Amino acid sequence: MTVPARREAARLLLSLDPPAWSRRHACAVADVAGFLARSIAASGTPIDVRAVEAAALLHDVDKIKAGRVPGTRHGDGSAAWLEAHGLPELAPLVRDHPVTRLADDNDAARLAAAPLEARVVAYADKRAGQALESMDERFASWRHRYPSGPADPVPGTADGPPRGHGWDGETAALVEARARDLEREVCAAAGIAPEAVRRLRWSRRALREAAR
């Protein structure tokens with residue numbers, strides 16, 4: 001299967017019957033990623049906009065009950081699901097998006113060496129919770145929800161975001177510093193400042209069209 005267009009990616013997401021919180025997050029990330037990818041393309045840097053948008057909409061399928069892949073970490077599960085559904089091109093674009101990967105030197109290095117499309121998806125995830133947020137707001141939200149740090153779990157059976165397993169102060173500072181580096185890199189490629197990041201509002205329309 002080739003990289004799906006917007007409506008087909010939306011149809012795949014809806015096939016999993018995602019809960020409202022998951023759908024809102026997927027839409028926010030996809031809209032931000034679409035804006036960034038199109039800004040990067042307009043600046044003259046080659047990027048697969050279609051792949052970015054599809055991967056961003058489907059980046060968290062392993063957090064949805066019907067999309068879970070037993071025995072895999074978050075991110076790895078989404079990649080495995082995409083591969084199993086004939087979308088191997090998208091798997092490396094979602095594998096290392098979780099913020100928890102920035103706490104591990106090897107994972108962080110793999111993301112830094114990943115295709116630009118993967119780094120755009122990872123950065124969009126760090127700018128979008130249920131809506132577009134600044135990096136400061138996103139990290140404040142994580143600190144509020146997970147005082148001991150977000151989890152990097154093997155997905156369990158309960159719906160909803162996982163609880164934290166603990167970050168010390170040094171690790172938390174390292175994660176945020178690496179996220180800021182990612183922000184500088186992606187925004188430089190797009191030719192914009194972080195405060196100029198916007199949502200390209202396509203995802204909800206695609207979901208409505210896919211549901212017909």
# chains A, B, ... in the order shown; residues from 1 in each chain; ligands from 1
call {"tool": "select_by_dssp", "arguments": {"residues": "stretch 42-122 of chain A", "states": "helix (DSSP H, G or I)", "output": "VMD selection string"}}
result
chain A and resid 42 49 to 57 61 to 63 65 to 67 76 to 84 91 to 94 99 to 103 105 to 112 116 to 122
call {"tool": "residues_around", "arguments": {"residues": "stretch 119-125 of chain A", "least_positions_apart": "3", "cutoff": "6 Å", "atoms": "only C-alpha atoms", "output": "PDB file with N, CA and C atoms, in the first residue's frame"}}
result
ATOM      1  N   VAL A  29      -2.018  17.032  16.698  1.00  0.00           N
ATOM      2  CA  VAL A  29      -0.668  16.713  16.223  1.00  0.00           C
ATOM      3  C   VAL A  29      -0.623  16.727  14.703  1.00  0.00           C
ATOM      4  N   VAL A  32      -0.682  20.351  13.350  1.00  0.00           N
ATOM      5  CA  VAL A  32       0.601  21.032  13.558  1.00  0.00           C
ATOM      6  C   VAL A  32       1.659  20.456  12.616  1.00  0.00           C
ATOM      7  N   ALA A  33       1.700  19.141  12.509  1.00  0.00           N
ATOM      8  CA  ALA A  33       2.677  18.504  11.634  1.00  0.00           C
ATOM      9  C   ALA A  33       2.456  18.910  10.176  1.00  0.00           C
ATOM     10  N   ALA A  56       1.414  11.486  11.438  1.00  0.00           N
ATOM     11  CA  ALA A  56       1.010  12.271  12.600  1.00  0.00           C
ATOM     12  C   ALA A  56      -0.391  11.904  13.063  1.00  0.00           C
ATOM     13  N   HIS A  97       8.591   8.959  18.480  1.00  0.00           N
ATOM     14  CA  HIS A  97       7.968  10.245  18.828  1.00  0.00           C
ATOM     15  C   HIS A  97       7.758  10.456  20.324  1.00  0.00           C
ATOM     16  N   LEU A 116      13.807  13.609   8.339  1.00  0.00           N
ATOM     17  CA  LEU A 116      13.187  14.865   8.770  1.00  0.00           C
ATOM     18  C   LEU A 116      11.707  14.674   9.071  1.00  0.00           C
ATOM     19  N   ALA A 128       1.507  19.765  20.827  1.00  0.00           N
ATOM     20  CA  ALA A 128       0.058  19.555  20.771  1.00  0.00           C
ATOM     21  C   ALA A 128      -0.372  18.503  21.777  1.00  0.00           C
TER      22      ALA A 128
END
call {"tool": "closest_residue", "arguments": {"among": "A:Arg178, A:His74, A:Arg127, A:Arg23", "to": "A:Ala108", "atoms": "only C-alpha atoms"}}
result
A:Arg178
call {"tool": "atom_distance", "arguments": {"atom1": "atom CA of A:Leu16", "atom2": "atom CA of A:Arg68"}}
result
10.0 Å
call {"tool": "closest_residue", "arguments": {"among": "A:Ala211, A:Glu117, A:Gly169, A:Phe35", "to": "A:Asp17", "atoms": "only C-alpha atoms"}}
result
A:Ala211
call {"tool": "closest_residue", "arguments": {"among": "A:Ala41, A:Gln130, A:Ala79, A:Gly67", "to": "A:Ala20", "atoms": "only C-alpha atoms"}}
result
A:Gln130
call {"tool": "atom_distance", "arguments": {"atom1": "atom CA of A:Ala55", "atom2": "atom CA of A:Arg184"}}
result
21.3 Å
call {"tool": "closest_residue", "arguments": {"among": "A:Leu90, A:Ala177, A:Val197, A:Ala103", "to": "A:Asp31", "atoms": "only C-alpha atoms"}}
result
A:Val197
call {"tool": "residues_around", "arguments": {"residues": "stretch 3-7 of chain A", "least_positions_apart": "6", "cutoff": "7 Å", "atoms": "only C-alpha atoms", "output": "short mmCIF file (atom, residue, chain, number, x, y, z; two decimals) with N, CA, C and O atoms, in the first residue's frame"}}
result
data_model
loop_
_atom_site.label_atom_id
_atom_site.label_comp_id
_atom_site.auth_asym_id
_atom_site.auth_seq_id
_atom_site.Cartn_x
_atom_site.Cartn_y
_atom_site.Cartn_z
N ARG A 50 2.75 14.34 2.56
CA ARG A 50 1.69 13.34 2.70
C ARG A 50 2.03 12.31 3.78
O ARG A 50 1.18 11.96 4.61
N ALA A 51 3.27 11.85 3.81
CA ALA A 51 3.69 10.88 4.82
C ALA A 51 3.66 11.49 6.21
O ALA A 51 3.25 10.85 7.18
N ALA A 54 -0.07 11.72 7.38
CA ALA A 54 -0.64 10.41 7.71
C ALA A 54 -0.01 9.85 8.99
O ALA A 54 -0.72 9.34 9.87
N LEU A 87 1.65 -0.48 5.91
CA LEU A 87 2.18 0.89 5.84
C LEU A 87 3.59 0.96 6.43
O LEU A 87 3.86 1.76 7.34
N GLU A 89 6.17 2.29 5.33
CA GLU A 89 6.81 3.59 5.11
C GLU A 89 6.58 4.54 6.28
O GLU A 89 7.39 5.43 6.54
N ALA A 206 -11.09 15.75 7.41
CA ALA A 206 -10.82 14.41 6.87
C ALA A 206 -11.56 13.33 7.64
O ALA A 206 -12.07 12.37 7.04
N LEU A 207 -11.66 13.47 8.94
CA LEU A 207 -12.41 12.50 9.75
C LEU A 207 -13.90 12.53 9.39
O LEU A 207 -14.54 11.48 9.30
N GLU A 209 -15.22 13.41 6.53
CA GLU A 209 -15.38 12.83 5.20
C GLU A 209 -15.21 11.32 5.23
O GLU A 209 -15.93 10.58 4.55
N ALA A 210 -14.28 10.83 6.05
CA ALA A 210 -14.04 9.40 6.14
C ALA A 210 -15.20 8.67 6.81
O ALA A 210 -15.41 7.46 6.58
#
call {"tool": "atom_distance", "arguments": {"atom1": "atom CA of A:Ser22", "atom2": "atom CA of A:Lys65"}}
result
10.8 Å
call {"tool": "closest_residue", "arguments": {"among": "A:Leu57, A:Ala131, A:Ala112, A:Leu182", "to": "A:Arg11", "atoms": "only C-alpha atoms"}}
result
A:Leu57
call {"tool": "residues_around", "arguments": {"residues": "A:Glu195", "least_positions_apart": "3", "cutoff": "10 Å", "atoms": "only C-alpha atoms", "output": "PyMOL selection string"}}
result
chain A and resi 133-135+187+192+198
call {"tool": "closest_residue", "arguments": {"among": "A:Arg110, A:Lys126, A:Thr45, A:His59", "to": "A:Val94", "atoms": "only C-alpha atoms"}}
result
A:His59
call {"tool": "residues_around", "arguments": {"residues": "A:Ala91", "least_positions_apart": "6", "cutoff": "7 Å", "atoms": "only C-alpha atoms", "output": "ChimeraX atom specification"}}
result
/A:79-80,82-83
call {"tool": "closest_atom_pairs", "arguments": {"of": "stretch 49-140 of chain A", "to": "stretch 172-176 of chain A", "cutoff": "10 Å", "atoms": "only C-alpha atoms", "output": "tab-separated table"}}
result
residue	atom	partner	partner_atom	distance
A:Val99	CA	A:Val175	CA	7.5
A:Thr100	CA	A:Val175	CA	7.7
A:Arg101	CA	A:Val175	CA	8.4
A:Leu102	CA	A:Val175	CA	5.1
A:Ala103	CA	A:Val175	CA	5.4
A:Asp104	CA	A:Val175	CA	8.7
A:Asp105	CA	A:Leu174	CA	10.0
A:Ala108	CA	A:Val175	CA	9.2
A:Met135	CA	A:Glu176	CA	8.9
A:Asp136	CA	A:Glu176	CA	9.5
A:Phe139	CA	A:Glu176	CA	7.8
call {"tool": "write_last_selection", "arguments": {"atoms": "all heavy atoms", "output": "JSON list (two decimals), in the first residue's frame"}}
result
[["chain", "number", "residue", "atom", "x", "y", "z"],
["A", 99, "VAL", "N", 7.91, 11.45, 24.12],
["A", 99, "VAL", "CA", 8.85, 12.32, 24.84],
["A", 99, "VAL", "C", 9.80, 11.50, 25.70],
["A", 99, "VAL", "O", 10.94, 11.90, 25.94],
["A", 99, "VAL", "CB", 8.08, 13.35, 25.69],
["A", 99, "VAL", "CG1", 7.34, 12.70, 26.85],
["A", 99, "VAL", "CG2", 9.01, 14.44, 26.20],
["A", 100, "THR", "N", 9.34, 10.34, 26.16],
["A", 100, "THR", "CA", 10.18, 9.49, 27.01],
["A", 100, "THR", "C", 11.44, 9.03, 26.30],
["A", 100, "THR", "O", 12.45, 8.72, 26.94],
["A", 100, "THR", "CB", 9.38, 8.26, 27.46],
["A", 100, "THR", "OG1", 8.78, 7.65, 26.31],
["A", 100, "THR", "CG2", 8.29, 8.65, 28.44],
["A", 101, "ARG", "N", 11.42, 8.98, 24.96],
["A", 101, "ARG", "CA", 12.61, 8.54, 24.23],
["A", 101, "ARG", "C", 13.77, 9.50, 24.41],
["A", 101, "ARG", "O", 14.93, 9.12, 24.26],
["A", 101, "ARG", "CB", 12.30, 8.38, 22.73],
["A", 101, "ARG", "CG", 11.20, 7.36, 22.43],
["A", 101, "ARG", "CD", 11.57, 5.97, 22.96],
["A", 101, "ARG", "NE", 10.50, 5.02, 22.76],
["A", 101, "ARG", "CZ", 10.41, 4.20, 21.71],
["A", 101, "ARG", "NH1", 11.33, 4.24, 20.77],
["A", 101, "ARG", "NH2", 9.41, 3.36, 21.62],
["A", 102, "LEU", "N", 13.47, 10.75, 24.74],
["A", 102, "LEU", "CA", 14.52, 11.74, 24.92],
["A", 102, "LEU", "C", 15.30, 11.54, 26.21],
["A", 102, "LEU", "O", 16.33, 12.16, 26.42],
["A", 102, "LEU", "CB", 13.94, 13.15, 24.88],
["A", 102, "LEU", "CG", 13.26, 13.54, 23.56],
["A", 102, "LEU", "CD1", 12.70, 14.96, 23.66],
["A", 102, "LEU", "CD2", 14.22, 13.41, 22.39],
["A", 103, "ALA", "N", 14.81, 10.65, 27.08],
["A", 103, "ALA", "CA", 15.51, 10.36, 28.32],
["A", 103, "ALA", "C", 16.60, 9.31, 28.13],
["A", 103, "ALA", "O", 17.44, 9.11, 29.02],
["A", 103, "ALA", "CB", 14.52, 9.88, 29.39],
["A", 104, "ASP", "N", 16.59, 8.65, 26.98],
["A", 104, "ASP", "CA", 17.55, 7.58, 26.71],
["A", 104, "ASP", "C", 18.51, 8.03, 25.63],
["A", 104, "ASP", "O", 18.10, 8.49, 24.56],
["A", 104, "ASP", "CB", 16.79, 6.32, 26.26],
["A", 104, "ASP", "CG", 17.72, 5.16, 25.97],
["A", 104, "ASP", "OD1", 18.17, 5.03, 24.81],
["A", 104, "ASP", "OD2", 18.00, 4.38, 26.90],
["A", 105, "ASP", "N", 19.81, 7.88, 25.87],
["A", 105, "ASP", "CA", 20.81, 8.36, 24.91],
["A", 105, "ASP", "C", 20.68, 7.69, 23.55],
["A", 105, "ASP", "O", 20.76, 8.34, 22.51],
["A", 105, "ASP", "CB", 22.22, 8.13, 25.46],
["A", 105, "ASP", "CG", 22.56, 9.04, 26.64],
["A", 105, "ASP", "OD1", 21.84, 10.05, 26.83],
["A", 105, "ASP", "OD2", 23.53, 8.74, 27.35],
["A", 108, "ALA", "N", 17.41, 8.83, 21.82],
["A", 108, "ALA", "CA", 17.53, 10.22, 21.39],
["A", 108, "ALA", "C", 18.43, 10.34, 20.17],
["A", 108, "ALA", "O", 18.17, 11.11, 19.25],
["A", 108, "ALA", "CB", 18.06, 11.08, 22.53],
["A", 135, "MET", "N", 5.94, 25.00, 23.93],
["A", 135, "MET", "CA", 6.71, 23.98, 24.61],
["A", 135, "MET", "C", 6.63, 24.16, 26.13],
["A", 135, "MET", "O", 6.53, 23.18, 26.88],
["A", 135, "MET", "CB", 8.17, 24.02, 24.14],
["A", 135, "MET", "CG", 8.98, 22.82, 24.55],
["A", 135, "MET", "SD", 8.73, 21.40, 23.46],
["A", 135, "MET", "CE", 9.87, 21.82, 22.14],
["A", 136, "ASP", "N", 6.66, 25.40, 26.60],
["A", 136, "ASP", "CA", 6.53, 25.65, 28.03],
["A", 136, "ASP", "C", 5.22, 25.08, 28.56],
["A", 136, "ASP", "O", 5.18, 24.43, 29.62],
["A", 136, "ASP", "CB", 6.58, 27.15, 28.33],
["A", 136, "ASP", "CG", 7.99, 27.72, 28.21],
["A", 136, "ASP", "OD1", 8.96, 26.94, 28.22],
["A", 136, "ASP", "OD2", 8.11, 28.96, 28.11],
["A", 139, "PHE", "N", 5.27, 21.11, 28.54],
["A", 139, "PHE", "CA", 6.04, 20.52, 29.63],
["A", 139, "PHE", "C", 5.38, 20.79, 30.97],
["A", 139, "PHE", "O", 5.43, 19.93, 31.87],
["A", 139, "PHE", "CB", 7.48, 21.03, 29.59],
["A", 139, "PHE", "CG", 8.38, 20.18, 28.74],
["A", 139, "PHE", "CD1", 8.53, 20.45, 27.38],
["A", 139, "PHE", "CD2", 9.04, 19.08, 29.27],
["A", 139, "PHE", "CE1", 9.33, 19.65, 26.58],
["A", 139, "PHE", "CE2", 9.86, 18.28, 28.48],
["A", 139, "PHE", "CZ", 10.00, 18.57, 27.12]]
